[in-house]
Structures are given as C-alpha cells and as structure tokens.
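The structure appears right after this line, and notes come after that.
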Amino acid sequence: MDPFIALADPVRRDLLRALASGPARVVDLAARHPISRPAVSKHLRLLTEAGLATVEDRGRERHYALARPGLAPVRALLVELAGRRPPAPERAFDALGLEVRRTVHDRRAGTGAAPGTASSQEESA
C-alpha cells in the first residue's frame with residue numbers, strides 16, 4: 001500500500017501519532033478509539049503494508065511500532081514542496097520597473113546621487 005493512501009485516514013494518522021511515542025499493543029491502541037479492536041487491527045495491518053509500522057508477535061499479543069524509514073517518501077515530498085516558491089507575478093515587477101525608470105531619468109537630469117554619497121555630500125558643502 002502507498003504510504004500516502006495509508007495516511008489519508010484520520011484513524012491511521014492517530015495510530016501513527018500513538019506509535020511515535022513508542023511500541024504499543026493492539027489492545028492499548030484500540031482503547032483510544034471508539035471502533036472495534038478488529039477494525040483497529042485492520043488499520044494497523046494497512047500501516048504495516050504501507051511500511052509505516054512494524055509488528056512483532058510476543059506470545060498471544062501483537063506489538064506495533066512506528067517504522068520511521070517508511071516516512072521517507074512523505075518527508076521527501078514535504079521537503080520538495082517547502083523548497084518551491086511560486087513564480088513572481090508580473091505585477092510584482094511593476095514597482096521595480098518604475099524605480100528603474102525614475103533612476104535613469106534622475107541620472108540623465110544630473111540629480112541621481114543617492115543621499116549620503118560623495119556627490120550628495122559635495123553639493124551640501
């Protein structure tokens with residue numbers, strides 16, 4: 001099962017949150033939800049198939065744990081999306097274009113020195 005499909009269900013996401021604290025028995029995980037223990041077991045089986053959880057049989061009990069390496073595709077997608085920035089819209093460059101035109105005009109007119117520069121200080125002396 002695809003980890004993204006497994007994460008789509010809120011019960012499975014909650015089960016993963018519980019497993020992030022450490023391994024747990026099915027009976028303990030089922031006690032946290034208003035659904036039956038077989039339903040919780042089915043959700044846990046799907047998480048295991050998706051590589052998001054591991055299971056270990058200890059006698060008659062099954063203990064589940066979070067499989068952190070299974071989260072790698074999810075983490076990779078989030079890193080990819082966080083690094084992407086939407087392209088700047090054309091209107092974002094309007095003010096820049098206006099400032100460039102103003103600077104060119106000021107320089108041609110001889111008034112292009114910025115405050116605090118040598119030309120500006122010489123004029124005030």
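Letters A, B, ... go to the chains of the structure tokens in the order shown; residues in each chain start at 1; ligands are counted from 1 in the same order.
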Just the residues within 7 Å of Arg37 in chain A, please, counting only C-alpha atoms, with nothing from its chain fewer than 4 positions along; format it as a list in words.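 Once the nearby chain positions are removed, what remains is Val27, Ala30 and Ser41 of chain A.
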Write out as a PyMOL selection string all residues of chain A that backbone DSSP assigns to alpha helix (DSSP H). chain A and resi 3-7+10-20+26-31+37-49+72-83+94-109+118-124
Interatomic distance between CA of Gly70 in chain A and CA of Arg13 in chain A?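 Here the two named atoms are 13.5 Å from each other.
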Show me, as a ChimeraX atom specification, the residues that have an atom within 10 Å of Gly51 in chain A when counting only C-alpha atoms, minus same-chain residues fewer than 6 positions from it. /A:1-3,6,45,66-71
Keeping only all heavy atoms, write the selected residues as an mmCIF file, in the first residue's frame.
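Dumped to again00.cif:
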data_model
loop_
_atom_site.group_PDB
_atom_site.id
_atom_site.type_symbol
_atom_site.label_atom_id
_atom_site.label_comp_id
_atom_site.auth_asym_id
_atom_site.auth_seq_id
_atom_site.Cartn_x
_atom_site.Cartn_y
_atom_site.Cartn_z
ATOM 1 N N MET A 1 0.842 -1.181 0.000
ATOM 2 C CA MET A 1 0.000 0.000 0.000
ATOM 3 C C MET A 1 0.889 1.247 0.000
ATOM 4 O O MET A 1 1.926 1.292 0.648
ATOM 5 C CB MET A 1 -0.914 -0.002 1.225
ATOM 6 C CG MET A 1 -1.671 1.292 1.396
ATOM 7 S SD MET A 1 -2.762 1.337 2.808
ATOM 8 C CE MET A 1 -4.292 1.000 2.002
ATOM 9 N N ASP A 2 0.464 2.247 -0.695
ATOM 10 C CA ASP A 2 1.158 3.529 -0.785
ATOM 11 C C ASP A 2 1.057 4.250 0.568
ATOM 12 O O ASP A 2 -0.024 4.331 1.140
ATOM 13 C CB ASP A 2 0.482 4.347 -1.886
ATOM 14 C CG ASP A 2 1.188 5.646 -2.156
ATOM 15 O OD1 ASP A 2 1.143 6.522 -1.267
ATOM 16 O OD2 ASP A 2 1.777 5.791 -3.230
ATOM 17 N N PRO A 3 2.169 4.791 1.066
ATOM 18 C CA PRO A 3 2.100 5.480 2.363
ATOM 19 C C PRO A 3 1.160 6.681 2.365
ATOM 20 O O PRO A 3 0.550 6.990 3.383
ATOM 21 C CB PRO A 3 3.540 5.911 2.642
ATOM 22 C CG PRO A 3 4.295 5.718 1.398
ATOM 23 C CD PRO A 3 3.531 4.770 0.540
ATOM 24 N N ALA A 6 -2.274 5.358 2.947
ATOM 25 C CA ALA A 6 -2.390 4.958 4.346
ATOM 26 C C ALA A 6 -2.587 6.167 5.251
ATOM 27 O O ALA A 6 -3.341 6.121 6.218
ATOM 28 C CB ALA A 6 -1.154 4.169 4.762
ATOM 29 N N ARG A 45 -2.746 -3.241 10.171
ATOM 30 C CA ARG A 45 -2.247 -4.091 9.086
ATOM 31 C C ARG A 45 -1.956 -3.249 7.846
ATOM 32 O O ARG A 45 -0.929 -3.424 7.178
ATOM 33 C CB ARG A 45 -3.252 -5.202 8.762
ATOM 34 C CG ARG A 45 -2.681 -6.213 7.759
ATOM 35 C CD ARG A 45 -3.667 -7.299 7.350
ATOM 36 N NE ARG A 45 -4.546 -6.755 6.323
ATOM 37 C CZ ARG A 45 -5.857 -6.568 6.449
ATOM 38 N NH1 ARG A 45 -6.481 -6.908 7.558
ATOM 39 N NH2 ARG A 45 -6.575 -6.066 5.476
ATOM 40 N N LEU A 66 6.262 2.316 15.239
ATOM 41 C CA LEU A 66 6.392 3.201 14.090
ATOM 42 C C LEU A 66 7.633 2.822 13.294
ATOM 43 O O LEU A 66 8.702 2.623 13.863
ATOM 44 C CB LEU A 66 6.509 4.657 14.561
ATOM 45 C CG LEU A 66 6.669 5.716 13.485
ATOM 46 C CD1 LEU A 66 5.433 5.774 12.596
ATOM 47 C CD2 LEU A 66 6.918 7.070 14.129
ATOM 48 N N ALA A 67 7.485 2.714 11.993
ATOM 49 C CA ALA A 67 8.622 2.435 11.096
ATOM 50 C C ALA A 67 9.029 3.764 10.465
ATOM 51 O O ALA A 67 8.531 4.149 9.404
ATOM 52 C CB ALA A 67 8.225 1.410 10.045
ATOM 53 N N ARG A 68 9.916 4.457 11.135
ATOM 54 C CA ARG A 68 10.316 5.796 10.666
ATOM 55 C C ARG A 68 10.860 5.813 9.242
ATOM 56 O O ARG A 68 10.589 6.757 8.499
ATOM 57 C CB ARG A 68 11.304 6.408 11.649
ATOM 58 C CG ARG A 68 10.657 6.679 13.000
ATOM 59 C CD ARG A 68 11.583 7.382 13.966
ATOM 60 N NE ARG A 68 11.062 7.344 15.327
ATOM 61 C CZ ARG A 68 10.114 8.139 15.785
ATOM 62 N NH1 ARG A 68 9.575 9.037 15.000
ATOM 63 N NH2 ARG A 68 9.691 8.032 17.042
ATOM 64 N N PRO A 69 11.616 4.797 8.795
ATOM 65 C CA PRO A 69 12.080 4.828 7.395
ATOM 66 C C PRO A 69 10.929 4.846 6.385
ATOM 67 O O PRO A 69 11.079 5.361 5.283
ATOM 68 C CB PRO A 69 12.903 3.551 7.256
ATOM 69 C CG PRO A 69 13.356 3.233 8.649
ATOM 70 C CD PRO A 69 12.221 3.681 9.537
ATOM 71 N N GLY A 70 9.774 4.321 6.764
ATOM 72 C CA GLY A 70 8.623 4.334 5.861
ATOM 73 C C GLY A 70 8.091 5.720 5.590
ATOM 74 O O GLY A 70 7.351 5.942 4.628
ATOM 75 N N LEU A 71 8.462 6.666 6.436
ATOM 76 C CA LEU A 71 8.011 8.043 6.251
ATOM 77 C C LEU A 71 8.873 8.814 5.248
ATOM 78 O O LEU A 71 8.570 9.958 4.923
ATOM 79 C CB LEU A 71 8.017 8.778 7.595
ATOM 80 C CG LEU A 71 7.018 8.255 8.625
ATOM 81 C CD1 LEU A 71 7.274 8.888 9.980
ATOM 82 C CD2 LEU A 71 5.601 8.513 8.165
#
Can you pull out the residues contacting Ala8 in chain A? Cut-off 12 Å, using only C-alpha atoms, and skip same-chain residues under 3 positions away; I want them as a ChimeraX atom specification. /A:1-5,11-14,16,43,46-47,50,74
From a DSSP pass on the backbone, collect the residues of chain A flagged as strand (DSSP E) and hand them back as a PyMOL selection string. chain A and resi 24-25+53-58+61-66
Tell me which of A:Pro38, A:Ala65, A:Asp94, A:His105 sits closest to Ser21 in chain A, counting only C-alpha atoms. A:Ala65
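All residues of protein, DNA or RNA that reach within 12 Å of Asp28 in chain A, judged by only C-alpha atoms and not counting those fewer than 2 positions away in the chain, are Leu15, Ala18, Leu19, Gly22, Pro23, Ala24, Arg25, Val26, Ala30, Ala31, Arg32, His33, Ser36, Arg37, Val40, Ser41, Glu61, Arg62, His63 and Tyr64 of chain A.
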Å distance separating CA of Thr48 in chain A from CA of Leu7 in chain A, one decimal place: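 For CA of Thr48 in chain A relative to CA of Leu7 in chain A, the distance reads 11.8 Å.
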CA of Pro73 in chain A to CA of Arg17 in chain A, straight-line distance in Å: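 Atom-to-atom, CA of Arg17 in chain A to CA of Pro73 in chain A, that is 17.5 Å.
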